[in-house]
$ cat work.cif   # mmCIF, C-alpha atoms
data_target
#
loop_
_atom_site.label_atom_id
_atom_site.label_comp_id
_atom_site.auth_asym_id
_atom_site.auth_seq_id
_atom_site.Cartn_x
_atom_site.Cartn_y
_atom_site.Cartn_z
CA MET A 25 46.39 29.62 -34.59
CA ARG A 26 46.75 30.11 -38.32
CA GLY A 27 47.38 27.70 -41.15
CA CYS A 28 48.41 28.22 -44.74
CA LEU A 29 46.60 27.13 -47.85
CA GLU A 30 48.32 25.77 -50.90
CA ASP A 31 48.16 29.14 -52.62
CA GLY A 32 49.94 30.87 -49.72
CA SER A 33 46.80 32.29 -48.14
CA ALA A 34 46.13 32.07 -44.46
CA ILE A 35 42.89 30.85 -42.94
CA THR A 36 41.54 32.30 -39.73
CA GLY A 37 38.34 31.66 -37.85
CA THR A 38 36.00 34.53 -37.02
CA GLY A 39 35.57 34.61 -33.28
CA SER A 40 38.06 31.74 -32.96
CA PRO A 41 39.27 30.77 -29.47
CA PHE A 42 42.73 30.13 -30.90
CA GLY A 43 43.83 33.75 -30.68
CA PRO A 44 43.61 37.00 -32.67
CA GLN A 45 43.28 36.90 -36.37
CA ALA A 46 46.30 37.48 -38.54
CA LYS A 47 46.52 40.85 -40.20
CA SER A 48 45.64 40.79 -43.84
CA THR A 49 47.38 42.52 -46.70
CA VAL A 50 44.10 42.63 -48.62
CA PRO A 51 40.67 43.77 -47.51
CA GLU A 52 38.71 41.17 -45.55
CA VAL A 53 36.41 39.08 -47.67
CA VAL A 54 32.82 40.21 -47.32
CA HIS A 55 30.43 37.27 -47.39
CA THR A 56 26.95 37.63 -48.78
CA ARG A 57 23.98 35.61 -47.68
CA GLY A 58 24.24 33.28 -50.62
CA GLY A 59 23.52 30.37 -48.33
CA VAL A 60 20.29 29.83 -46.51
CA PHE A 61 21.82 29.12 -43.11
CA PRO A 62 24.58 30.91 -41.20
CA ARG A 63 27.75 29.69 -42.88
CA PRO A 64 29.35 26.91 -40.80
CA PHE A 65 32.50 27.90 -38.92
CA ARG A 66 35.51 25.75 -39.73
CA GLN A 67 38.40 25.33 -37.33
CA PRO A 68 41.73 26.88 -38.34
CA VAL A 69 44.18 24.22 -39.48
CA PRO A 70 47.30 23.73 -37.35
CA SER A 71 50.46 25.44 -38.46
CA GLY A 72 52.32 23.61 -41.19
CA ARG A 73 49.25 21.78 -42.51
CA ALA A 74 47.43 22.79 -45.65
CA SER A 75 43.67 22.63 -45.52
CA GLY A 76 43.25 22.27 -49.26
CA ARG A 77 40.15 24.50 -49.12
CA SER A 78 39.65 28.00 -50.42
CA LEU A 79 36.86 30.51 -50.37
CA ASP A 80 35.45 28.92 -53.51
CA ASP A 81 34.75 25.75 -51.53
CA SER A 82 32.22 27.56 -49.34
CA PRO A 83 28.78 26.76 -50.82
CA GLY A 84 26.74 29.76 -51.84
CA ASP A 85 29.49 32.39 -51.58
CA ARG A 86 30.65 31.96 -55.16
CA PRO A 87 29.12 30.15 -58.13
CA THR A 88 31.05 26.87 -57.61
CA ALA A 89 29.49 23.49 -58.32
CA ALA A 90 28.88 22.94 -54.59
CA GLY A 91 27.33 26.38 -54.21
CA ARG A 92 25.07 25.88 -57.21
CA ARG A 93 23.96 22.48 -55.93
CA GLU A 94 23.09 23.94 -52.54
CA ARG A 95 21.16 26.82 -54.06
CA TRP A 96 19.20 24.54 -56.39
CA LEU A 97 18.54 22.14 -53.52
CA ASN A 98 17.00 24.84 -51.37
CA PHE A 99 15.19 26.38 -54.32
CA GLY A 100 13.60 23.01 -54.99
CA ILE A 101 12.63 22.61 -51.33
CA LEU A 102 10.99 26.03 -51.20
CA VAL A 103 9.17 25.47 -54.49
CA ALA A 104 7.87 22.11 -53.28
CA ALA A 105 6.69 23.58 -49.96
CA THR A 106 5.05 26.53 -51.68
CA LEU A 107 3.27 24.34 -54.22
CA VAL A 108 1.92 22.10 -51.46
CA GLY A 109 0.69 25.15 -49.57
CA VAL A 110 -0.93 26.78 -52.60
CA VAL A 111 -2.71 23.55 -53.51
CA ALA A 112 -3.87 23.09 -49.91
CA PHE A 113 -5.32 26.61 -49.74
CA LEU A 114 -6.89 26.77 -53.19
CA SER A 115 -8.07 23.20 -53.79
CA PRO A 116 -11.58 23.85 -52.32
CA PHE A 117 -12.24 26.41 -55.05
CA PHE A 118 -11.80 23.71 -57.69
CA SER A 119 -13.81 21.02 -55.94
CA SER A 120 -17.51 20.41 -56.47
CA ALA A 121 -17.75 18.51 -53.18
CA VAL A 122 -17.27 21.52 -50.90
CA GLN A 123 -19.89 21.63 -48.17
CA SER A 124 -21.11 25.05 -47.12
CA ASN A 125 -22.70 25.99 -43.81
CA VAL A 126 -20.10 24.04 -41.85
CA GLN A 127 -18.39 25.52 -38.80
CA SER A 128 -15.14 27.21 -39.75
CA ALA A 129 -13.23 25.11 -37.20
CA MET A 130 -14.26 21.96 -39.11
CA ALA A 131 -12.96 23.18 -42.47
CA HIS A 132 -10.31 20.85 -43.88
CA ALA A 133 -10.93 18.41 -41.03
CA GLN A 134 -10.37 15.49 -43.44
CA ASP A 135 -7.23 16.59 -45.26
CA ALA A 136 -5.46 18.74 -42.63
CA PRO A 137 -3.58 15.80 -40.99
CA PHE A 138 -2.18 14.77 -44.38
CA VAL A 139 -1.14 18.35 -45.22
CA LEU A 140 0.50 18.70 -41.81
CA GLY A 141 2.43 15.46 -42.30
CA VAL A 142 3.69 16.55 -45.72
CA LEU A 143 4.80 19.93 -44.39
CA VAL A 144 6.67 18.40 -41.43
CA VAL A 145 8.43 15.97 -43.79
CA ILE A 146 9.45 18.88 -46.04
CA CYS A 147 10.85 20.85 -43.08
CA LEU A 148 12.82 17.88 -41.74
CA GLY A 149 13.97 17.03 -45.25
CA ALA A 150 15.26 20.58 -45.73
CA ILE A 151 17.33 20.35 -42.54
CA LEU A 152 18.72 16.89 -43.31
CA ALA A 153 19.48 17.76 -46.94
CA ASN A 154 21.43 20.88 -45.98
CA LEU A 155 23.21 18.99 -43.21
CA THR A 156 24.25 16.28 -45.65
CA ALA A 157 25.34 18.82 -48.26
CA GLY A 158 27.48 20.67 -45.73
CA GLY A 159 25.39 23.83 -45.79
CA ILE A 160 24.79 23.70 -42.06
CA ASN A 161 26.35 22.17 -38.98
CA ALA A 162 25.26 21.45 -35.43
CA LYS A 163 25.70 25.10 -34.39
CA SER A 164 23.43 26.31 -37.18
CA ILE A 165 20.75 23.80 -36.18
CA ALA A 166 21.13 24.96 -32.58
CA VAL A 167 20.47 28.56 -33.64
CA LEU A 168 17.35 27.45 -35.53
CA GLY A 169 16.17 25.52 -32.47
CA VAL A 170 16.76 28.40 -30.07
CA LEU A 171 15.02 30.93 -32.30
CA THR A 172 12.12 28.50 -32.79
CA ALA A 173 11.70 28.12 -29.03
CA ILE A 174 11.89 31.87 -28.42
CA SER A 175 9.44 32.65 -31.21
CA ALA A 176 7.00 30.00 -29.97
CA THR A 177 7.18 31.43 -26.45
CA LEU A 178 6.48 34.94 -27.72
CA ARG A 179 3.07 33.74 -28.91
CA ALA A 180 1.94 33.75 -25.28
CA LEU A 181 2.59 37.48 -24.84
CA PRO A 182 -0.68 39.34 -24.19
CA GLY A 183 -1.88 42.04 -26.53
CA PRO A 184 -4.93 43.49 -28.25
CA GLN A 185 -7.09 41.34 -30.48
CA GLY A 186 -5.18 40.23 -33.55
CA PHE A 187 -1.76 41.03 -32.06
CA ASN A 188 0.75 38.18 -31.93
CA ALA A 189 4.47 38.48 -31.24
CA ILE A 190 5.37 35.22 -32.96
CA PHE A 191 5.88 36.80 -36.38
CA PHE A 192 8.66 39.34 -36.00
CA LEU A 193 11.51 36.86 -35.43
CA PRO A 194 10.80 34.88 -38.64
CA ILE A 195 10.70 38.19 -40.51
CA LEU A 196 14.08 39.31 -39.13
CA ALA A 197 15.69 35.88 -39.49
CA GLY A 198 14.44 35.48 -43.05
CA TYR A 199 15.88 38.88 -43.88
CA ALA A 200 19.24 38.14 -42.24
CA TYR A 201 19.72 34.44 -43.01
CA GLY A 202 17.77 33.80 -46.18
CA ALA A 203 14.55 32.31 -47.48
CA THR A 204 14.89 28.69 -46.32
CA PHE A 205 15.88 29.62 -42.79
CA GLY A 206 13.00 32.11 -42.58
CA PHE A 207 10.47 29.57 -43.87
CA LEU A 208 11.66 26.86 -41.48
CA LEU A 209 11.66 29.21 -38.49
CA GLY A 210 8.13 30.43 -39.20
CA ALA A 211 6.68 26.97 -39.80
CA LEU A 212 8.43 25.25 -36.89
CA ALA A 213 7.68 28.09 -34.47
CA LEU A 214 3.94 27.76 -35.20
CA LEU A 215 4.11 24.00 -34.76
CA THR A 216 6.00 24.29 -31.47
CA SER A 217 3.69 26.96 -30.08
CA ALA A 218 0.63 24.88 -30.99
CA LEU A 219 2.02 21.85 -29.17
CA LEU A 220 2.85 24.02 -26.15
CA GLY A 221 -0.75 25.18 -25.81
CA GLY A 222 -1.51 27.47 -28.75
CA GLY A 223 -4.05 24.99 -30.07
CA VAL A 224 -3.86 22.05 -32.46
CA GLY A 225 -6.58 21.74 -35.09
CA PRO A 226 -7.24 21.68 -38.84
CA TRP A 227 -5.99 25.25 -39.06
CA LEU A 228 -2.44 24.39 -37.89
CA PRO A 229 -0.76 23.45 -41.21
CA TYR A 230 -2.23 26.53 -42.86
CA GLN A 231 -0.89 28.76 -40.10
CA MET A 232 2.51 27.09 -40.54
CA PHE A 233 2.49 27.75 -44.28
CA ALA A 234 1.42 31.39 -43.88
CA THR A 235 4.00 32.16 -41.19
CA GLY A 236 6.71 30.33 -43.11
CA TRP A 237 5.94 32.42 -46.16
CA MET A 238 6.40 35.57 -44.06
CA GLY A 239 9.97 34.50 -43.31
CA LEU A 240 10.56 33.39 -46.89
CA LEU A 241 9.35 36.66 -48.42
CA SER A 242 11.48 38.72 -46.05
CA ALA A 243 14.59 37.38 -47.80
CA ALA A 244 13.55 39.40 -50.87
CA ILE A 245 14.47 42.69 -49.16
CA PRO A 246 17.91 43.83 -50.40
CA GLN A 247 20.27 43.66 -47.44
CA ARG A 248 23.65 44.71 -48.76
CA TRP A 249 22.90 48.44 -48.90
CA LEU A 250 20.32 48.68 -46.13
CA GLN A 251 22.56 47.20 -43.45
CA GLN A 252 24.85 50.21 -43.82
CA HIS A 253 22.01 52.49 -42.70
CA SER A 254 20.56 50.97 -39.54
CA ARG A 255 17.77 53.52 -39.07
CA LEU A 256 16.53 53.18 -42.65
CA GLU A 257 16.91 49.41 -42.42
CA VAL A 258 14.73 49.05 -39.36
CA MET A 259 12.11 51.44 -40.76
CA THR A 260 11.98 49.45 -44.01
CA LEU A 261 11.61 46.19 -42.09
CA ALA A 262 8.88 47.71 -39.90
CA ALA A 263 6.91 48.78 -42.97
CA TRP A 264 7.42 45.35 -44.50
CA ALA A 265 6.26 43.65 -41.29
CA PHE A 266 3.14 45.84 -41.26
CA LEU A 267 2.32 44.73 -44.80
CA LEU A 268 2.97 41.07 -44.00
CA GLY A 269 0.65 41.31 -41.00
CA LEU A 270 -2.19 42.12 -43.38
CA VAL A 271 -1.07 39.53 -45.94
CA PHE A 272 -1.06 36.83 -43.26
CA GLY A 273 -4.67 37.54 -42.37
CA ALA A 274 -5.75 37.64 -46.01
CA ILE A 275 -4.12 34.27 -46.66
CA MET A 276 -5.41 32.60 -43.51
CA ASN A 277 -9.04 33.45 -44.27
CA LEU A 278 -8.81 31.21 -47.32
CA TRP A 279 -8.49 28.05 -45.25
CA PHE A 280 -12.13 28.29 -44.13
CA TRP A 281 -13.85 30.88 -46.35
CA PRO A 282 -15.00 28.44 -49.10
CA PHE A 283 -16.68 26.26 -46.45
CA VAL A 284 -18.90 28.86 -44.78
CA PHE A 285 -22.04 30.52 -46.08
CA GLN A 286 -24.68 32.73 -44.49
CA PRO A 287 -27.76 33.44 -46.64
CA GLY A 288 -28.28 36.85 -45.05
CA ASP A 289 -24.80 37.99 -46.17
CA SER A 290 -24.50 36.00 -49.37
CA ALA A 291 -22.79 38.89 -51.17
CA MET A 292 -19.53 38.19 -49.35
CA TYR A 293 -19.42 34.40 -49.49
CA TRP A 294 -18.26 32.00 -52.16
CA GLN A 295 -20.37 29.41 -53.92
CA PRO A 296 -19.28 26.70 -56.37
CA GLY A 297 -19.47 27.76 -59.99
CA MET A 298 -18.54 31.42 -59.47
CA THR A 299 -16.08 33.09 -61.82
CA TRP A 300 -12.72 34.11 -60.42
CA GLN A 301 -13.60 37.79 -60.84
CA GLU A 302 -16.73 37.39 -58.71
CA THR A 303 -14.75 35.31 -56.20
CA LEU A 304 -12.16 38.04 -55.76
CA LYS A 305 -14.85 40.70 -55.44
CA ARG A 306 -16.72 38.79 -52.74
CA TYR A 307 -13.54 37.93 -50.87
CA ALA A 308 -12.49 41.59 -50.81
CA VAL A 309 -15.84 42.48 -49.25
CA PHE A 310 -15.54 39.62 -46.75
CA TYR A 311 -12.02 40.67 -45.73
CA MET A 312 -12.88 44.33 -45.31
CA VAL A 313 -15.95 43.57 -43.21
CA THR A 314 -14.71 40.74 -41.01
CA SER A 315 -10.90 40.81 -40.87
CA LEU A 316 -9.25 44.15 -41.62
CA GLY A 317 -9.74 45.66 -38.17
CA TRP A 318 -8.37 42.51 -36.51
CA ASP A 319 -5.39 42.30 -38.86
CA LEU A 320 -4.43 45.93 -38.35
CA TRP A 321 -3.54 45.12 -34.73
CA ARG A 322 -1.28 42.31 -35.90
CA ALA A 323 0.35 44.50 -38.52
CA ALA A 324 0.90 47.37 -36.09
CA GLY A 325 2.29 44.96 -33.48
CA ASN A 326 4.79 43.54 -35.98
CA ALA A 327 5.95 47.01 -36.95
CA LEU A 328 6.21 48.23 -33.36
CA LEU A 329 8.25 45.21 -32.22
CA ILE A 330 10.71 45.67 -35.07
CA LEU A 331 11.03 49.40 -34.42
CA LEU A 332 11.77 48.70 -30.75
CA PHE A 333 13.97 45.61 -31.01
CA GLY A 334 14.98 45.29 -34.65
CA VAL A 335 18.43 46.88 -34.39
CA PRO A 336 19.75 44.84 -31.43
CA ILE A 337 18.25 41.59 -32.74
CA LEU A 338 19.74 42.06 -36.20
CA ARG A 339 23.09 42.83 -34.60
CA LEU A 340 22.84 39.61 -32.62
CA LEU A 341 21.82 37.54 -35.65
CA ARG A 342 24.73 38.87 -37.67
CA ARG A 343 27.08 38.19 -34.79
CA PHE A 344 25.99 34.54 -34.85
CA GLN A 345 26.43 34.50 -38.62
CA ARG A 346 30.02 35.76 -38.38
CA ARG A 347 30.88 33.06 -35.85
CA PHE A 348 29.61 30.25 -38.08
CA ARG A 349 31.98 30.77 -41.00
CA PHE A 350 35.63 31.27 -41.83
CA ASP A 351 37.49 34.02 -43.65
CA VAL A 352 40.38 33.60 -46.06
CA VAL A 353 42.98 36.36 -45.98
CA SER A 354 46.26 36.81 -47.79
CA ALA A 355 49.31 35.55 -45.85
CA PRO A 356 51.53 38.40 -44.68
CA LEU A 357 54.98 38.51 -46.22
#
$ encode --input "work.cif" --output "structure tokens"
Amino acid sequence: MRGCLEDGSAITGTGSPFGPQAKSTVPEVVHTRGGVFPRPFRQPVPSGRASGRSLDDSPGDRPTAAGRRERWLNFGILVAATLVGVVAFLSPFFSSAVQSNVQSAMAHAQDAPFVLGVLVVICLGAILANLTAGGINAKSIAVLGVLTAISATLRALPGPQGFNAIFFLPILAGYAYGATFGFLLGALALLTSALLGGGVGPWLPYQMFATGWMGLLSAAIPQRWLQQHSRLEVMTLAAWAFLLGLVFGAIMNLWFWPFVFQPGDSAMYWQPGMTWQETLKRYAVFYMVTSLGWDLWRAAGNALLILLFGVPILRLLRRFQRRFRFDVVSAPL
């Protein structure tokens, strides 16, 4: 079925069950990932009724007031989440009450529940805010839920020490769907996997932040040109995933490193009152000695999974994205 807009254009739904799309006298509109979720699909209007909507009414595709509001909304959400995470990771370095010689599993035992609660509220607030603003619909939330469940299940896959399959879906989804979707998928997948048996402890909110940032940062990769060269695209994403595997480990060490100290290896541990230059130097030594070998397995696993499955998964994600939006084409004469 096909309806006409007030300006004489026809509106058709991508993947619509109402029949084949009308032929267009102008090239099909190419949507960018201006939004942070797959663009909601809108039903074609019945013949003879004007929808009163145009392409400019789709938030994020063009710089309309609605699109700008949605972008600023999600920018604010990501900034708030990032600031909370940065403060949570770095606050021990600015506190004189840090206790050394504690077990790493007990680090942040007092403040971790509060940080977890704030992060969960931010994630739920992001979903509700976008739902209210019209940036997502029930189908988009369903995609987020399905990908979260799959990613959480992948955590149980066996592999060498340091390897974990939970990361490559947030990386791909963040690249395909945008920063907010990637952050939410990474954070919620870690939370779900922990509740399913991955382990709940003071480390959980920090793992959620670090994995969410992996999805968020993946949105920075330019997609418009790369998606025309599938082999180069998947190789670029594999290299990026390798780098993020190391970055994840370097970030996660910070949640416990200020709380531990061994006198025999004091050259690689932090103590209150150190300068930031000395702190960075000691942390680099600590990471190289204790974590690099472990993190290389994670990085290599991320890259291998994307090399093997990146092309079909990206094709599937983009297929979902096309089904959750509408196209405006010129009405044939």
$ resolve_selection --input "work.cif" --expression "the PyMOL selection byres ((chain A and resi 166-172) around 8)" --output "list of chain:residue names"
A:Ala162, A:Lys163, A:Ser164, A:Ile165, A:Ala173, A:Ile174, A:Ser175, A:Ala176, A:Leu193, A:Phe205, A:Leu209, A:Gly210, A:Leu212, A:Ala213, A:Thr216
$ resolve_selection --input "work.cif" --expression "the PyMOL selection byres ((chain A and resi 185) around 12)" --output "ChimeraX atom specification"
/A:181-184,186-189,315-325
$ resolve_selection --input "work.cif" --expression "the PyMOL selection byres ((chain A and resi 259-272) around 10)" --output "PyMOL selection string"
chain A and resi 186-188+191-192+195-196+199+231+233-235+237-239+241-242+245+250+254-258+273-277+315-332+334
$ write_last_selection --input "work.cif" --atoms "C-alpha atoms" --output "PDB file, in the coordinates of the input"
ATOM      1  CA  GLY A 186      -5.180  40.230 -33.550  1.00  0.00           C
ATOM      2  CA  PHE A 187      -1.760  41.030 -32.060  1.00  0.00           C
ATOM      3  CA  ASN A 188       0.750  38.180 -31.930  1.00  0.00           C
ATOM      4  CA  PHE A 191       5.880  36.800 -36.380  1.00  0.00           C
ATOM      5  CA  PHE A 192       8.660  39.340 -36.000  1.00  0.00           C
ATOM      6  CA  ILE A 195      10.700  38.190 -40.510  1.00  0.00           C
ATOM      7  CA  LEU A 196      14.080  39.310 -39.130  1.00  0.00           C
ATOM      8  CA  TYR A 199      15.880  38.880 -43.880  1.00  0.00           C
ATOM      9  CA  GLN A 231      -0.890  28.760 -40.100  1.00  0.00           C
ATOM     10  CA  PHE A 233       2.490  27.750 -44.280  1.00  0.00           C
ATOM     11  CA  ALA A 234       1.420  31.390 -43.880  1.00  0.00           C
ATOM     12  CA  THR A 235       4.000  32.160 -41.190  1.00  0.00           C
ATOM     13  CA  TRP A 237       5.940  32.420 -46.160  1.00  0.00           C
ATOM     14  CA  MET A 238       6.400  35.570 -44.060  1.00  0.00           C
ATOM     15  CA  GLY A 239       9.970  34.500 -43.310  1.00  0.00           C
ATOM     16  CA  LEU A 241       9.350  36.660 -48.420  1.00  0.00           C
ATOM     17  CA  SER A 242      11.480  38.720 -46.050  1.00  0.00           C
ATOM     18  CA  ILE A 245      14.470  42.690 -49.160  1.00  0.00           C
ATOM     19  CA  LEU A 250      20.320  48.680 -46.130  1.00  0.00           C
ATOM     20  CA  SER A 254      20.560  50.970 -39.540  1.00  0.00           C
ATOM     21  CA  ARG A 255      17.770  53.520 -39.070  1.00  0.00           C
ATOM     22  CA  LEU A 256      16.530  53.180 -42.650  1.00  0.00           C
ATOM     23  CA  GLU A 257      16.910  49.410 -42.420  1.00  0.00           C
ATOM     24  CA  VAL A 258      14.730  49.050 -39.360  1.00  0.00           C
ATOM     25  CA  GLY A 273      -4.670  37.540 -42.370  1.00  0.00           C
ATOM     26  CA  ALA A 274      -5.750  37.640 -46.010  1.00  0.00           C
ATOM     27  CA  ILE A 275      -4.120  34.270 -46.660  1.00  0.00           C
ATOM     28  CA  MET A 276      -5.410  32.600 -43.510  1.00  0.00           C
ATOM     29  CA  ASN A 277      -9.040  33.450 -44.270  1.00  0.00           C
ATOM     30  CA  SER A 315     -10.900  40.810 -40.870  1.00  0.00           C
ATOM     31  CA  LEU A 316      -9.250  44.150 -41.620  1.00  0.00           C
ATOM     32  CA  GLY A 317      -9.740  45.660 -38.170  1.00  0.00           C
ATOM     33  CA  TRP A 318      -8.370  42.510 -36.510  1.00  0.00           C
ATOM     34  CA  ASP A 319      -5.390  42.300 -38.860  1.00  0.00           C
ATOM     35  CA  LEU A 320      -4.430  45.930 -38.350  1.00  0.00           C
ATOM     36  CA  TRP A 321      -3.540  45.120 -34.730  1.00  0.00           C
ATOM     37  CA  ARG A 322      -1.280  42.310 -35.900  1.00  0.00           C
ATOM     38  CA  ALA A 323       0.350  44.500 -38.520  1.00  0.00           C
ATOM     39  CA  ALA A 324       0.900  47.370 -36.090  1.00  0.00           C
ATOM     40  CA  GLY A 325       2.290  44.960 -33.480  1.00  0.00           C
ATOM     41  CA  ASN A 326       4.790  43.540 -35.980  1.00  0.00           C
ATOM     42  CA  ALA A 327       5.950  47.010 -36.950  1.00  0.00           C
ATOM     43  CA  LEU A 328       6.210  48.230 -33.360  1.00  0.00           C
ATOM     44  CA  LEU A 329       8.250  45.210 -32.220  1.00  0.00           C
ATOM     45  CA  ILE A 330      10.710  45.670 -35.070  1.00  0.00           C
ATOM     46  CA  LEU A 331      11.030  49.400 -34.420  1.00  0.00           C
ATOM     47  CA  LEU A 332      11.770  48.700 -30.750  1.00  0.00           C
ATOM     48  CA  GLY A 334      14.980  45.290 -34.650  1.00  0.00           C
TER      49      GLY A 334
END
$ closest_residue --input "work.cif" --among "A:Tyr293, A:Gly202, A:Phe113, A:Gly100" --to "Thr314 in chain A" --atoms "all atoms listed in the file"
A:Tyr293
$ atom_distance --input "work.cif" --atom1 "CA of Met292 in chain A" --atom2 "CA of Leu214 in chain A"
29.3 Å
$ residues_around --input "work.cif" --residues "Ala218 in chain A" --least-positions-apart "5" --cutoff "8 Å" --atoms "only C-alpha atoms" --output "VMD selection string"
chain A and resid 223 to 224 228
$ write_last_selection --input "work.cif" --atoms "C-alpha atoms" --output "compact mmCIF listing (two decimals), keeping the file's coordinate frame"
# COMPACT_ATOMS: atom_id res chain seq x y z
CA GLY A 223 -4.05 24.99 -30.07
CA VAL A 224 -3.86 22.05 -32.46
CA LEU A 228 -2.44 24.39 -37.89
$ atom_distance --input "work.cif" --atom1 "CA of Phe280 in chain A" --atom2 "CA of Gly149 in chain A"
28.4 Å
$ atom_distance --input "work.cif" --atom1 "CA of Arg95 in chain A" --atom2 "CA of Pro336 in chain A"
29.0 Å
$ residues_around --input "work.cif" --residues "Pro137 in chain A" --least-positions-apart "3" --cutoff "12 Å" --atoms "all atoms listed in the file" --output "NGL selection string"
:A and (112 or 132-134 or 140-144 or 224-230)
$ closest_residue --input "work.cif" --among "A:Glu94, A:Ser119, A:Val139, A:Ile160" --to "Met298 in chain A" --atoms "all atoms listed in the file"
A:Ser119
$ closest_residue --input "work.cif" --among "A:Ala153, A:Ala105, A:Val110, A:Val309" --to "Ala211 in chain A" --atoms "all atoms listed in the file"
A:Ala105
$ axis_aligned_box --input "work.cif" --around "range 235-241 of chain A" --padding-each-side "5 Å" --output "JSON"
{"center_x": 7.3, "center_y": 33.5, "center_z": -44.8, "size_x": 16.6, "size_y": 16.3, "size_z": 17.2}
